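Engineer: For reference, the structure I am asking about is given below.
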Amino acid sequence: MSQLKNKLNTTAFPKENRVVFFVFWIMCVLILAGPYAPEARAVNIRSSVLLLHSYHPDLVWSRNVSKGVKTVLGTMPFPVDVRSEYMDTKRMNDPEYLDKLEEIYKVKYEGRKPDVIISADNNALNFLVERGQSLFPGVPTVFLGVNDFSEAMLKGRKDITGVVEAVGISGTIDAALRLYPETNRIVAYASDTSTALSNSRLFLKSSKEFTGRADFELKTGMSAEEATRHAAMLPQDTAILILSYLKEANGEIHPLEKTAKLISESSSVPVFSLWGFMLGHGIVGGKLISGVNQGETAAGMTVRILKGESVDNISIVRSSPNAYMFDAQQLKRLGYNAAGMPLGSTIVNKELSFYDRHKVKVWGAAGVFFVMVAVIMVLCRAVLARRKAERELRSSKERYDLVAKGTNDGIWDWDRNTDSVFFSPRWKEIIGYEDHEVANDIEEWKSRIHPEDYERVMDANNKFFKDHVDRFMVEYRMRTKKGDYRWILGRGTCLRDSEGQPYRLAGAHTDITERREAEEELRYLRNYLENIINSMPSVLIGIDASCNVTQWNMQAEKVTGLSSEKALGQSLGEAFPALREDRNRIMSAMMEGATLVDPPRVLNLKGEARYKDFTVFPLSGDDRGGAVIRIDDVTQRVRLEQMMMQTEKMMSLGGLAAGMAHEINNPLAGILGNLHNLRRRVYSDLEVNKQAADKVGVSLTDIRAYFEERDIPKLLNGIANSAGRAATIVRNMLSFSRKSDKHFEYHNIEQLLEETLELASSDYDLKRKYDFKKINIDRDYASGLPAVYCEGNEIRQVFLNLIKNAAEATSEKSYEGENPIISLRTAKESGMLVVEVEDNGPGMAEEELKRVFEPFYTSKPVGAGTGLGLSVSYFIVTDQHEGKMEVESLPGSWTRFTVRLPVG
């Protein structure tokens, strides 16, 4: 020390510098001596802590827990005796074994109760909850390493607190994707144990947080050997996550450390896991459960109890104190993205540098040397360096100020050698801060990037390192002082060293929030307009001046079966063949600027004829020309109009038929009356008849003989039958066409069928197409059927529709070796009277069967039918009469309609 003082006195330093140097030297000595200074401890207090392990002492986990506990308790200002007990429940855990442990601990700790018990893992906690009151009455317990914790596990005990253990699957996956951004798939291995199944569920749940960043695959039930072989074949864009112990082929537990080492050595992709004790056995790392951290946390709670704090006031730590830890050797072997390393990560297994091996000697020898050299250099060059620095700084600042003001951009500068960052005042102003409010720190910038943009921004920065680009540009969002986000255009360039590695990066931030908001508004309006167009029930097609498709809405896709992607750019005739013939008319409408409107016409689309309105609207105010074509399906409207016309016609025909029937009734009455009188005057033995015969000289007997000889009685009977049949037809027509309120009454179903057959046989429209008399009517009426309570005219209408449809169906089939047949059957089933109308026509296809009762559906050509007959019949039976109507068919053979009406 005297030599040092002499040296200081003889040095030509100013007095102030000598004082500073001397103080600096004394501080260095104190720092170097610090680690060896004895620690003062109070010795008047001694506490006892029992550390109860669930497992055996050879486990790395158990050793790490002990290390964490003893590290914290060793810093107490008074001695703490830590006694450790190992329950070894991985090997034995039956009730008889636990009973013996209880007996041993009772003898061992009788009269020597600990002040606090620390229980490690679930089995130890369960043991103390069940047996602790009798073994250690009144002793508080602090647990650690407890999986799947719930309050029910404590069974109401208030003298227990602690720290739970939970695997950090999400954090580990996030770290894997950041350290290895090229990863596209994460494969997890797990056994079928309860812990493995729990971790597997957490893995599947956590994977949803990373949708779009990677694919996830869970492999369960594999043996350790199978998992090793499987991992060896994984592609390079894969990362592996070990979720639990695996088993040997014989079913025995395979140690996690051994499993990790085998998989890591067999595979060239990074391996991650969830437990800290696996570091050094082949895993890269992750957000790991650390026995040391668990032990330290539980010991910290124990310290509070030892200092007198009630255990009731110490809350359970429900967030597992996991930590990001990584193996330096694995990082070096596989390489990694340094920018993706989580903040506060611990790197283990580093290669010891010369400094680490000789830290004390380096500080001892180099401390004096570098301090002396630094002071001498500073003092010798201070003046010149300061003047030069001031000149350069002034010039640089002026240049920077001019550039910054001219661009209104925020400037940033990152020196990777020193890891120092500079953010200009404007850079901070963009996100709402004054210059002094934000630290110049690269992590400050990273923390403000929007989570959805983070990966993209990091990828752009990483191009400097991977792709050796000299410039980059990226748009992203940064969080402001108010908590909202502003859009930033980030640009930058770099300087490279002799090996091509960037050592300095600089660039600018431009606030593009207003531009992005304008773009977003434009995008919204475009989507809004497109949604309106796609929501319309009309077919909307936009075309340009050359009749090429520029817009194709969803209804156009639905009608034509052609997607928008395929339709756009095609000519209108190619995209919509039904409009090919209208091209010249559409072109003329566009040239004249006049709207083209067509009346409804039939278009065949997807094999179905539909009525369509067709309108062309030329675009105005656009020099490029074009038009919008709107096509509306008006099939239902047209068919309703046709139905109304048909209804009016039928009403007119009904009135006409009724009038004709009344007019026919008069001569029919005369015919029948005269026929009656003729029979009465020839075959009756009235006195008047005899007198008239005698008057002309002929007897009644001779007249009657003459009539018999000439078959005149048969002719008279024929006249009577024909006139009677005509009267029946007239009566049925009057009944069917008569307008009256619905009148329900009991009807004989066979009579209704026969009356309907009479009407059908005299239907002119049927006779015009074919001869109804050539159809065989096969009647199969059940005997003893009850009357049906119904509206007779409506049921006749139903039967007439079914019989007419059957007759029309038989006309569409060519019969060879058989005749057309309509079968009428009646029966009673389950309180319902059943009527079947069956024909041996061509039958119906499956599609027709599904739609046969739909209004306006018809398989006939346009104009040949309204498609309402069967739908009206179905309504009459099911709604008006609370019955059922069904149809069955065998294509090519027969069709059967079944009507079920309630009896009574």
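Just so we're on the same page: first chain in the structure tokens is A, next is B, and so on; residues restart at 1 for each chain, and ligands are numbered from 1 in the order they show up.
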Determine, counting only C-alpha atoms, which protein, DNA and RNA residues have an atom within 7 Å of an atom of Thr550 of chain A; residues of the same chain fewer than 6 positions away are not included. Present the result as a list in words.
Structural biologist: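 Residues meeting the cut-off are Gly542, Ile543, Asp544, Leu568 and Gly569 of chain A.
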Engineer: Based on the backbone DSSP call, show me all residues of segment 751-899 of chain A assigned alpha helix (DSSP H), as a PyMOL selection string.
Structural biologist: chain A and resi 751-761+764-769+792-811+846-851+869-875
Engineer: Which of these, A:Arg448, A:Arg580, A:Lys261, A:Lys481, has the shortest distance to Glu429 of chain A once you count only C-alpha atoms?
Structural biologist: A:Lys481
Engineer: For the interface of segment 274-391 of chain A with segment 113-137 of chain A (cut-off 12 Å, counting only C-alpha atoms), please tabulate each contacting residue of segment 274-391 of chain A alongside its nearest pair of atoms and their separation in Å to one decimal, rows sorted by chain and increasing number, as JSON lines.
Structural biologist:
```
{"residue": "A:Gly291", "atom": "CA", "partner": "A:Ala120", "partner_atom": "CA", "distance": 9.5}
{"residue": "A:Val292", "atom": "CA", "partner": "A:Ala120", "partner_atom": "CA", "distance": 11.7}
{"residue": "A:Gln294", "atom": "CA", "partner": "A:Ala120", "partner_atom": "CA", "distance": 9.0}
{"residue": "A:Gly295", "atom": "CA", "partner": "A:Ala120", "partner_atom": "CA", "distance": 8.4}
{"residue": "A:Glu296", "atom": "CA", "partner": "A:Ile118", "partner_atom": "CA", "distance": 11.2}
{"residue": "A:Thr297", "atom": "CA", "partner": "A:Ile118", "partner_atom": "CA", "distance": 11.0}
{"residue": "A:Ala298", "atom": "CA", "partner": "A:Ile118", "partner_atom": "CA", "distance": 7.3}
{"residue": "A:Ala299", "atom": "CA", "partner": "A:Ile118", "partner_atom": "CA", "distance": 7.9}
{"residue": "A:Gly300", "atom": "CA", "partner": "A:Ile118", "partner_atom": "CA", "distance": 11.1}
{"residue": "A:Met301", "atom": "CA", "partner": "A:Ile118", "partner_atom": "CA", "distance": 9.8}
{"residue": "A:Thr302", "atom": "CA", "partner": "A:Val116", "partner_atom": "CA", "distance": 6.9}
{"residue": "A:Val303", "atom": "CA", "partner": "A:Val116", "partner_atom": "CA", "distance": 9.4}
{"residue": "A:Arg304", "atom": "CA", "partner": "A:Val116", "partner_atom": "CA", "distance": 10.6}
{"residue": "A:Ile305", "atom": "CA", "partner": "A:Val116", "partner_atom": "CA", "distance": 7.7}
{"residue": "A:Leu306", "atom": "CA", "partner": "A:Asp115", "partner_atom": "CA", "distance": 7.4}
{"residue": "A:Lys307", "atom": "CA", "partner": "A:Asp115", "partner_atom": "CA", "distance": 10.9}
{"residue": "A:Gly308", "atom": "CA", "partner": "A:Asp115", "partner_atom": "CA", "distance": 10.8}
{"residue": "A:Ser310", "atom": "CA", "partner": "A:Val116", "partner_atom": "CA", "distance": 11.7}
{"residue": "A:Val311", "atom": "CA", "partner": "A:Val116", "partner_atom": "CA", "distance": 10.2}
```
Engineer: Taking C-alpha atoms for each residue, export the selection above as a PDB file, in the first residue's frame.
Structural biologist:
```
ATOM      1  CA  GLY A 291     -36.882 -28.334  -8.841  1.00  0.00           C
ATOM      2  CA  VAL A 292     -34.575 -25.534  -7.719  1.00  0.00           C
ATOM      3  CA  GLN A 294     -39.899 -24.934  -6.655  1.00  0.00           C
ATOM      4  CA  GLY A 295     -37.613 -25.442  -3.674  1.00  0.00           C
ATOM      5  CA  GLU A 296     -36.639 -21.770  -3.494  1.00  0.00           C
ATOM      6  CA  THR A 297     -40.281 -20.625  -3.660  1.00  0.00           C
ATOM      7  CA  ALA A 298     -41.408 -23.053  -0.948  1.00  0.00           C
ATOM      8  CA  ALA A 299     -38.389 -22.118   1.202  1.00  0.00           C
ATOM      9  CA  GLY A 300     -39.254 -18.426   0.834  1.00  0.00           C
ATOM     10  CA  MET A 301     -42.731 -19.157   2.222  1.00  0.00           C
ATOM     11  CA  THR A 302     -41.110 -21.197   5.007  1.00  0.00           C
ATOM     12  CA  VAL A 303     -38.909 -18.228   5.943  1.00  0.00           C
ATOM     13  CA  ARG A 304     -42.022 -16.095   6.417  1.00  0.00           C
ATOM     14  CA  ILE A 305     -43.474 -18.723   8.776  1.00  0.00           C
ATOM     15  CA  LEU A 306     -40.196 -18.984  10.719  1.00  0.00           C
ATOM     16  CA  LYS A 307     -40.226 -15.197  11.133  1.00  0.00           C
ATOM     17  CA  GLY A 308     -43.618 -15.426  12.818  1.00  0.00           C
ATOM     18  CA  SER A 310     -49.258 -17.003  10.267  1.00  0.00           C
ATOM     19  CA  VAL A 311     -49.655 -19.645   7.594  1.00  0.00           C
TER      20      VAL A 311
END
```
Engineer: If you run DSSP on the backbone here, which positions in segment 471-641 of chain A get strand (DSSP E)? Please write them as a ChimeraX atom specification.
Structural biologist: /A:471-479,485-496,502-511,539-543,549-552,596-605,608-618,627-633
Engineer: So which one's closest to Ile347 of chain A, A:Lys108, A:Gly285, A:Tyr781, A:Ser290? Using only C-alpha atoms, please.
Structural biologist: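 Going through A:Lys108, A:Gly285, A:Tyr781, A:Ser290 one by one, the smallest distance to Ile347 of chain A is for A:Gly285.
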Engineer: For Gly340 of chain A, find every residue with an atom within 9 Å (counting only C-alpha atoms), except residues of its own chain fewer than 6 positions away, and show them as a PyMOL selection string.
Structural biologist: chain A and resi 175-181+458
Engineer: Okay, now the selection with N, CA and C atoms, as a PDB file, in the first residue's frame?
Structural biologist:
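The result, written out as part32.pdb:
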```pdb
ATOM      1  N   ALA A 175     -41.429 -20.894 -27.348  1.00  0.00           N
ATOM      2  CA  ALA A 175     -39.969 -20.784 -27.417  1.00  0.00           C
ATOM      3  C   ALA A 175     -39.416 -21.601 -28.584  1.00  0.00           C
ATOM      4  N   ALA A 176     -39.977 -22.793 -28.803  1.00  0.00           N
ATOM      5  CA  ALA A 176     -39.503 -23.635 -29.910  1.00  0.00           C
ATOM      6  C   ALA A 176     -39.716 -22.949 -31.250  1.00  0.00           C
ATOM      7  N   LEU A 177     -40.889 -22.318 -31.429  1.00  0.00           N
ATOM      8  CA  LEU A 177     -41.192 -21.667 -32.700  1.00  0.00           C
ATOM      9  C   LEU A 177     -40.376 -20.396 -32.896  1.00  0.00           C
ATOM     10  N   ARG A 178     -39.994 -19.746 -31.791  1.00  0.00           N
ATOM     11  CA  ARG A 178     -39.173 -18.543 -31.928  1.00  0.00           C
ATOM     12  C   ARG A 178     -37.706 -18.894 -32.172  1.00  0.00           C
ATOM     13  N   LEU A 179     -37.211 -19.896 -31.457  1.00  0.00           N
ATOM     14  CA  LEU A 179     -35.807 -20.279 -31.643  1.00  0.00           C
ATOM     15  C   LEU A 179     -35.599 -20.944 -32.994  1.00  0.00           C
ATOM     16  N   TYR A 180     -36.622 -21.647 -33.495  1.00  0.00           N
ATOM     17  CA  TYR A 180     -36.501 -22.333 -34.777  1.00  0.00           C
ATOM     18  C   TYR A 180     -37.693 -21.942 -35.652  1.00  0.00           C
ATOM     19  N   PRO A 181     -37.667 -20.704 -36.207  1.00  0.00           N
ATOM     20  CA  PRO A 181     -38.810 -20.170 -36.963  1.00  0.00           C
ATOM     21  C   PRO A 181     -39.157 -20.969 -38.207  1.00  0.00           C
ATOM     22  N   MET A 458     -39.872 -10.117 -37.063  1.00  0.00           N
ATOM     23  CA  MET A 458     -38.621 -10.807 -36.739  1.00  0.00           C
ATOM     24  C   MET A 458     -38.046 -11.497 -37.980  1.00  0.00           C
TER      25      MET A 458
END
```
